[in-house]
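Asks: Next up, query.pdb (PDB, C-alpha atoms).
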```pdb
ATOM      1  CA  MET B   9    -132.181  26.763 237.949
ATOM      2  CA  ALA B  10    -134.360  27.159 240.985
ATOM      3  CA  GLU B  11    -132.166  28.404 243.801
ATOM      4  CA  GLU B  12    -128.498  29.227 243.480
ATOM      5  CA  ILE B  13    -126.831  31.172 246.251
ATOM      6  CA  GLU B  14    -123.854  33.151 244.990
ATOM      7  CA  LYS B  15    -121.499  34.964 247.376
ATOM      8  CA  ILE B  16    -118.043  36.501 247.196
ATOM      9  CA  TYR B  17    -115.744  35.981 250.170
ATOM     10  CA  VAL B  18    -112.299  37.330 251.060
ATOM     11  CA  ILE B  19    -110.561  34.410 252.739
ATOM     12  CA  PRO B  20    -107.510  35.070 254.976
ATOM     13  CA  LEU B  21    -104.847  32.435 254.412
ATOM     14  CA  LYS B  22    -101.812  33.427 256.524
ATOM     15  CA  LYS B  23    -102.571  32.937 260.190
ATOM     16  CA  THR B  24    -100.381  32.614 263.268
ATOM     17  CA  ASN B  25    -100.057  28.827 262.881
ATOM     18  CA  PHE B  26     -98.325  29.069 259.536
ATOM     19  CA  ARG B  27     -95.759  26.462 258.415
ATOM     20  CA  SER B  28     -93.949  27.498 255.284
ATOM     21  CA  SER B  29     -93.024  23.899 254.405
ATOM     22  CA  LYS B  30     -96.707  22.986 253.970
ATOM     23  CA  ALA B  31     -98.001  26.391 252.948
ATOM     24  CA  THR B  32    -100.054  25.804 249.801
ATOM     25  CA  PRO B  33    -101.614  22.447 250.810
ATOM     26  CA  THR B  34    -102.778  24.054 254.088
ATOM     27  CA  ALA B  35    -104.098  27.069 252.141
ATOM     28  CA  VAL B  36    -106.289  24.730 250.076
ATOM     29  CA  LYS B  37    -107.581  23.139 253.285
ATOM     30  CA  ARG B  38    -108.247  26.581 254.800
ATOM     31  CA  VAL B  39    -110.298  27.639 251.774
ATOM     32  CA  LYS B  40    -112.391  24.465 252.051
ATOM     33  CA  ASN B  41    -112.824  24.875 255.825
ATOM     34  CA  TYR B  42    -113.879  28.495 255.391
ATOM     35  CA  LEU B  43    -116.469  27.572 252.763
ATOM     36  CA  THR B  44    -117.849  24.678 254.835
ATOM     37  CA  ARG B  45    -118.349  27.056 257.757
ATOM     38  CA  HIS B  46    -119.944  29.888 255.784
ATOM     39  CA  MET B  47    -121.923  27.961 253.155
ATOM     40  CA  LYS B  48    -122.996  25.258 255.665
ATOM     41  CA  VAL B  49    -122.048  22.155 253.644
ATOM     42  CA  GLU B  50    -119.660  19.235 254.073
ATOM     43  CA  LYS B  51    -116.090  19.249 252.729
ATOM     44  CA  GLU B  52    -116.886  16.513 250.186
ATOM     45  CA  LYS B  53    -119.470  18.735 248.499
ATOM     46  CA  ILE B  54    -117.040  21.560 247.697
ATOM     47  CA  TRP B  55    -115.650  21.752 244.143
ATOM     48  CA  MET B  56    -112.629  23.986 243.681
ATOM     49  CA  ASP B  57    -112.196  25.366 240.181
ATOM     50  CA  GLY B  58    -108.818  25.047 238.462
ATOM     51  CA  SER B  59    -108.435  28.821 238.361
ATOM     52  CA  LEU B  60    -108.654  29.042 242.158
ATOM     53  CA  ASN B  61    -106.205  26.192 242.607
ATOM     54  CA  ASN B  62    -103.760  27.840 240.168
ATOM     55  CA  ALA B  63    -104.059  31.143 242.038
ATOM     56  CA  LEU B  64    -103.136  29.412 245.315
ATOM     57  CA  TRP B  65    -100.165  27.620 243.738
ATOM     58  CA  SER B  66     -99.038  30.615 241.611
ATOM     59  CA  ARG B  67     -96.177  31.570 243.968
ATOM     60  CA  GLY B  68     -95.087  28.002 244.549
ATOM     61  CA  LYS B  69     -95.433  25.672 247.496
ATOM     62  CA  TYR B  70     -93.766  27.848 250.134
ATOM     63  CA  ASN B  71     -95.164  31.345 249.452
ATOM     64  CA  ILE B  72     -98.914  31.799 249.510
ATOM     65  CA  PRO B  73    -100.983  34.958 249.127
ATOM     66  CA  SER B  74    -102.072  36.475 252.443
ATOM     67  CA  LYS B  75    -105.738  36.563 251.344
ATOM     68  CA  ILE B  76    -107.773  35.605 248.298
ATOM     69  CA  ARG B  77    -111.177  36.559 246.840
ATOM     70  CA  VAL B  78    -113.416  33.585 246.122
ATOM     71  CA  LYS B  79    -116.799  33.381 244.415
ATOM     72  CA  ALA B  80    -118.872  30.536 245.903
ATOM     73  CA  VAL B  81    -122.047  29.276 244.255
ATOM     74  CA  LYS B  82    -124.283  26.882 246.185
ATOM     75  CA  PHE B  83    -126.604  24.755 244.035
ATOM     76  CA  GLU B  84    -129.932  23.110 244.904
ATOM     77  CA  ASP B  85    -128.433  19.747 245.825
ATOM     78  CA  GLY B  86    -125.949  21.303 248.285
ATOM     79  CA  VAL B  87    -122.857  21.288 246.070
ATOM     80  CA  VAL B  88    -120.683  24.409 246.325
ATOM     81  CA  GLU B  89    -118.478  25.472 243.428
ATOM     82  CA  ALA B  90    -115.618  27.812 244.311
ATOM     83  CA  SER B  91    -113.790  29.898 241.704
ATOM     84  CA  LEU B  92    -112.162  33.285 241.192
ATOM     85  CA  PRO B  93    -114.699  36.134 240.795
ATOM     86  CA  GLU B  94    -112.612  37.767 238.033
ATOM     87  CA  LEU B  95    -113.510  34.953 235.634
ATOM     88  CA  GLU B  96    -117.146  35.849 234.980
ATOM     89  CA  PHE B  97    -117.029  34.844 231.319
ATOM     90  CA  LYS B  98    -116.110  31.256 232.145
ATOM     91  CA  LYS B  99    -118.938  28.724 232.531
ATOM     92  CA  SER B 100    -119.217  26.793 235.754
ATOM     93  CA  ARG B 101    -118.023  23.220 235.935
ATOM     94  CA  ARG B 102    -121.554  21.996 236.502
ATOM     95  CA  GLU B 103    -122.826  23.673 233.316
ATOM     96  CA  LEU B 104    -119.975  22.177 231.297
ATOM     97  CA  LEU B 105    -120.803  18.693 232.606
ATOM     98  CA  LYS B 106    -124.478  19.113 231.680
ATOM     99  CA  GLU B 107    -123.548  20.217 228.145
ATOM    100  CA  GLU B 108    -121.279  17.188 227.704
ATOM    101  CA  LYS B 109    -124.033  14.832 228.847
ATOM    102  CA  GLU B 110    -126.483  16.375 226.388
ATOM    103  CA  LYS B 111    -124.006  16.040 223.501
ATOM    104  CA  LYS B 112    -123.379  12.355 224.109
ATOM    105  CA  THR B 113    -125.797  10.041 222.388
ATOM    106  CA  PRO B 114    -126.852   6.974 224.335
ATOM    107  CA  ILE B 115    -125.476   3.674 223.170
ATOM    108  CA  LEU B 116    -128.313   1.642 221.738
ATOM    109  CA  ARG B 117    -128.709  -1.747 223.288
ATOM    110  CA  LYS B 118    -129.769  -4.769 221.335
ATOM    111  CA  GLU B 119    -133.530  -5.070 221.432
ATOM    112  CA  GLU B 120    -134.754  -8.370 222.708
ATOM    113  CA  GLU B 121    -137.541  -8.738 220.180
ATOM    114  CA  MET B 122    -138.063 -11.992 218.360
ATOM    115  CA  PRO B 123    -138.458 -11.936 214.564
ATOM    116  CA  GLU B 124    -142.006 -12.316 213.238
ATOM    117  CA  GLY B 125    -141.641 -15.965 212.199
ATOM    118  CA  GLY B 126    -139.655 -16.958 215.316
ATOM    119  CA  GLU B 127    -142.146 -16.108 218.039
ATOM    120  CA  GLY B 128    -142.364 -18.729 220.739
ATOM    121  CA  VAL B 129    -139.431 -20.745 219.391
ATOM    122  CA  GLY B 130    -136.923 -21.661 222.081
ATOM    123  CA  GLY B 131    -133.195 -22.125 221.567
ATOM    124  CA  ALA B 132    -132.731 -19.258 219.134
ATOM    125  CA  GLU B 133    -129.429 -18.402 220.833
ATOM    126  CA  ASP B 134    -127.760 -21.342 219.037
ATOM    127  CA  TYR B 135    -128.579 -19.937 215.597
ATOM    128  CA  ASP B 136    -127.466 -16.903 213.553
ATOM    129  CA  ILE B 137    -130.508 -15.300 211.957
ATOM    130  CA  THR B 138    -129.708 -12.900 209.100
ATOM    131  CA  PRO B 139    -132.198 -11.277 206.724
ATOM    132  CA  THR B 140    -131.442 -11.271 203.001
ATOM    133  CA  GLY B 141    -132.219  -8.566 200.460
ATOM    134  CA  GLU B 142    -135.170 -10.507 199.023
ATOM    135  CA  GLY B 143    -137.127 -10.474 202.274
ATOM    136  CA  GLU B 144    -136.092 -14.025 203.231
ATOM    137  CA  VAL B 145    -134.257 -15.084 206.360
ATOM    138  CA  LYS B 146    -131.123 -17.243 206.507
ATOM    139  CA  ILE B 147    -130.661 -19.395 209.561
ATOM    140  CA  LYS B 148    -127.247 -20.879 210.361
ATOM    141  CA  LYS B 149    -126.297 -22.959 213.353
ATOM    142  CA  LYS B 150    -123.532 -21.446 215.468
ATOM    143  CA  LYS B 151    -120.454 -23.574 215.992
ATOM    144  CA  SER B 152    -119.570 -24.385 219.558
ATOM    145  CA  PRO B 153    -115.996 -23.758 220.726
ATOM    146  CA  LYS B 154    -115.478 -27.496 221.347
ATOM    147  CA  GLU B 155    -116.028 -28.320 217.694
ATOM    148  CA  LYS B 156    -113.322 -25.865 216.701
ATOM    149  CA  GLU B 157    -110.785 -27.414 219.102
ATOM    150  CA  ASP B 158    -111.439 -31.006 217.984
ATOM    151  CA  LYS B 159    -110.616 -30.353 214.339
ATOM    152  CA  PRO B 160    -106.928 -31.003 213.552
ATOM    153  CA  GLU B 161    -105.040 -28.262 211.761
ATOM    154  CA  THR B 162    -104.189 -28.902 208.149
ATOM    155  CA  SER B 163    -100.633 -28.590 206.911
ATOM    156  CA  LYS B 164    -101.678 -25.726 204.625
ATOM    157  CA  SER B 165    -102.789 -23.528 207.506
ATOM    158  CA  LYS B 166     -99.516 -23.884 209.445
ATOM    159  CA  SER B 167     -96.955 -21.198 208.880
ATOM    160  CA  LYS B 168     -93.318 -21.840 208.048
ATOM    161  CA  ARG B 169     -92.220 -20.951 211.569
ATOM    162  CA  GLU B 170     -94.610 -23.460 213.130
ATOM    163  CA  LYS B 171     -93.381 -26.161 210.762
ATOM    164  CA  SER B 172     -89.734 -25.422 211.546
ATOM    165  CA  LYS B 173     -90.447 -25.471 215.287
ATOM    166  CA  GLU B 174     -92.160 -28.852 214.974
ATOM    167  CA  LYS B 175     -89.204 -30.247 212.990
ATOM    168  CA  GLY B 176     -86.817 -28.949 215.637
ATOM    169  CA  LYS B 177     -88.854 -30.606 218.397
ATOM    170  CA  LYS B 178     -89.001 -33.912 216.523
ATOM    171  CA  SER B 179     -85.268 -33.903 215.853
ATOM    172  CA  ALA B 180     -84.571 -33.007 219.476
ATOM    173  CA  LYS B 181     -86.752 -35.931 220.591
ATOM    174  CA  LYS B 182     -84.917 -38.281 218.231
ATOM    175  CA  THR B 183     -81.504 -37.166 219.458
ATOM    176  CA  SER B 184     -82.557 -37.405 223.079
ATOM    177  CA  LYS B 185     -83.846 -40.966 222.475
ATOM    178  CA  LYS B 186     -80.556 -41.880 220.828
ATOM    179  CA  ASN B 187     -78.638 -40.386 223.735
ATOM    180  CA  LEU B 188     -80.740 -42.335 226.245
ATOM    181  CA  LYS B 189     -80.146 -45.588 224.361
ATOM    182  CA  ALA B 190     -76.418 -44.887 224.187
ATOM    183  CA  LYS B 191     -76.262 -44.159 227.934
ATOM    184  CA  LYS B 192     -78.165 -47.344 228.745
ATOM    185  CA  ALA B 193     -75.813 -49.322 226.564
ATOM    186  CA  GLU B 194     -72.792 -47.796 228.349
ATOM    187  CA  LYS B 195     -74.251 -48.648 231.762
ATOM    188  CA  GLU B 196     -74.888 -52.216 230.693
ATOM    189  CA  ASP B 197     -71.299 -52.483 229.420
ATOM    190  CA  LYS B 198     -69.951 -51.236 232.752
ATOM    191  CA  LYS B 199     -72.082 -53.716 234.689
ATOM    192  CA  GLU B 200     -70.832 -56.568 232.556
ATOM    193  CA  LYS B 201     -67.193 -55.624 233.200
TER     194      LYS B 201
END
```
Can you dump the structure from the file as structure tokens?

Replies:
Amino acid sequence: MAEEIEKIYVIPLKKTNFRSSKATPTAVKRVKNYLTRHMKVEKEKIWMDGSLNNALWSRGKYNIPSKIRVKAVKFEDGVVEASLPELEFKKSRRELLKEEKEKKTPILRKEEEMPEGGEGVGGAEDYDITPTGEGEVKIKKKKSPKEKEDKPETSKSKSKREKSKEKGKKSAKKTSKKNLKAKKAEKEDKKEK
């Protein structure tokens, strides 16, 4: 790496304007403010390591350490990584991210090359083209979703539940028709009387 600036700071955390109810959240803000002032970067470009965060929260929310040692590393692009200086053996977050990116293999996208015999032929999207083991090519026309909807379902493909539901609906329709006829007949009888 070209230019990395590495410094160790002792940051005072307890000042005169100290509220114990918001102690640790303000300590995190004070660390970031201190690093922005001394490393000359914006707050958004400061990465706090988990070890530093755990050290600030180690005594709980209300009791913070009076001062803390911080190792700050400024990278070429202006990003500052803050961590505890005692953890020299641990790799930086940036190095870990680079290693992960190198390990990941890119997902291959479908190449938009036409087969040798199909050059210049339009409308190939409507067909499935599959090569066979003998060096030949099978071409099948894709079915549109409308064709699938138009075909009625056969009685073999329906499950027992679907059949029982349909029977229940039909019987309910029949009984409701009978009830309607009976009610009409009763109304007519009442009108006649």

Asks: Measuring atom to atom with only C-alpha atoms, identify which of B:Val145, B:Leu92, B:Leu188, B:Val36 is nearest to Arg77 of chain B.

Replies: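 Closest candidate: B:Leu92.
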
Asks: Excluding same-chain residues fewer than 5 positions from Ile54 of chain B, what lies within 12 Å of it counting all atoms listed in the file, as a PDB file with C-alpha atoms, in the coordinates of the input?

Replies:
```
ATOM      1  CA  VAL B  36    -106.289  24.730 250.076  1.00  0.00           C
ATOM      2  CA  LYS B  37    -107.581  23.139 253.285  1.00  0.00           C
ATOM      3  CA  VAL B  39    -110.298  27.639 251.774  1.00  0.00           C
ATOM      4  CA  LYS B  40    -112.391  24.465 252.051  1.00  0.00           C
ATOM      5  CA  ASN B  41    -112.824  24.875 255.825  1.00  0.00           C
ATOM      6  CA  TYR B  42    -113.879  28.495 255.391  1.00  0.00           C
ATOM      7  CA  LEU B  43    -116.469  27.572 252.763  1.00  0.00           C
ATOM      8  CA  THR B  44    -117.849  24.678 254.835  1.00  0.00           C
ATOM      9  CA  ARG B  45    -118.349  27.056 257.757  1.00  0.00           C
ATOM     10  CA  HIS B  46    -119.944  29.888 255.784  1.00  0.00           C
ATOM     11  CA  MET B  47    -121.923  27.961 253.155  1.00  0.00           C
ATOM     12  CA  LYS B  48    -122.996  25.258 255.665  1.00  0.00           C
ATOM     13  CA  VAL B  49    -122.048  22.155 253.644  1.00  0.00           C
ATOM     14  CA  ALA B  80    -118.872  30.536 245.903  1.00  0.00           C
ATOM     15  CA  VAL B  81    -122.047  29.276 244.255  1.00  0.00           C
ATOM     16  CA  LYS B  82    -124.283  26.882 246.185  1.00  0.00           C
ATOM     17  CA  PHE B  83    -126.604  24.755 244.035  1.00  0.00           C
ATOM     18  CA  ASP B  85    -128.433  19.747 245.825  1.00  0.00           C
ATOM     19  CA  GLY B  86    -125.949  21.303 248.285  1.00  0.00           C
ATOM     20  CA  VAL B  87    -122.857  21.288 246.070  1.00  0.00           C
ATOM     21  CA  VAL B  88    -120.683  24.409 246.325  1.00  0.00           C
ATOM     22  CA  GLU B  89    -118.478  25.472 243.428  1.00  0.00           C
ATOM     23  CA  ALA B  90    -115.618  27.812 244.311  1.00  0.00           C
ATOM     24  CA  SER B  91    -113.790  29.898 241.704  1.00  0.00           C
ATOM     25  CA  ARG B 101    -118.023  23.220 235.935  1.00  0.00           C
TER      26      ARG B 101
END
```

Asks: Suppose you want the space between atom CA of Leu95 of chain B and atom CA of Asn62 of chain B; what is it in Å?

Replies: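 Atom-to-atom, atom CA of Leu95 of chain B to atom CA of Asn62 of chain B, that is 12.9 Å.
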
Asks: Please write out, as lines of an AutoDock Vina configuration file, where the centre of an axis-aligned box around all listed atoms of segment 53-65 of chain B lies and how long its edges are, in Å to one decimal, after adding 8 Å on each side.

Replies:
```
center_x = -109.8
center_y = 24.9
center_z = 243.4
size_x = 35.3
size_y = 28.4
size_z = 26.1
```

Asks: I'd like the contact shell of Glu133 of chain B - 10 Å cut-off, all atoms listed in the file, skipping same-chain residues fewer than 4 positions apart - returned as a list in words.

Replies: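 Once the nearby chain positions are removed, what remains is Ile137, Lys149 and Lys150 of chain B.
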
Asks: Closest to Ser29 of chain B among B:Gly68, B:Trp55, B:Ala190, B:Ile16, using only C-alpha atoms?

Replies: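 Among the listed residues, the smallest separation from Ser29 of chain B belongs to B:Gly68.
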
Asks: Do you have the atom CA of Arg102 of chain B-atom CA of Pro73 of chain B distance handy?

Replies: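 Rounded to one decimal, the two atoms are 27.4 Å apart.
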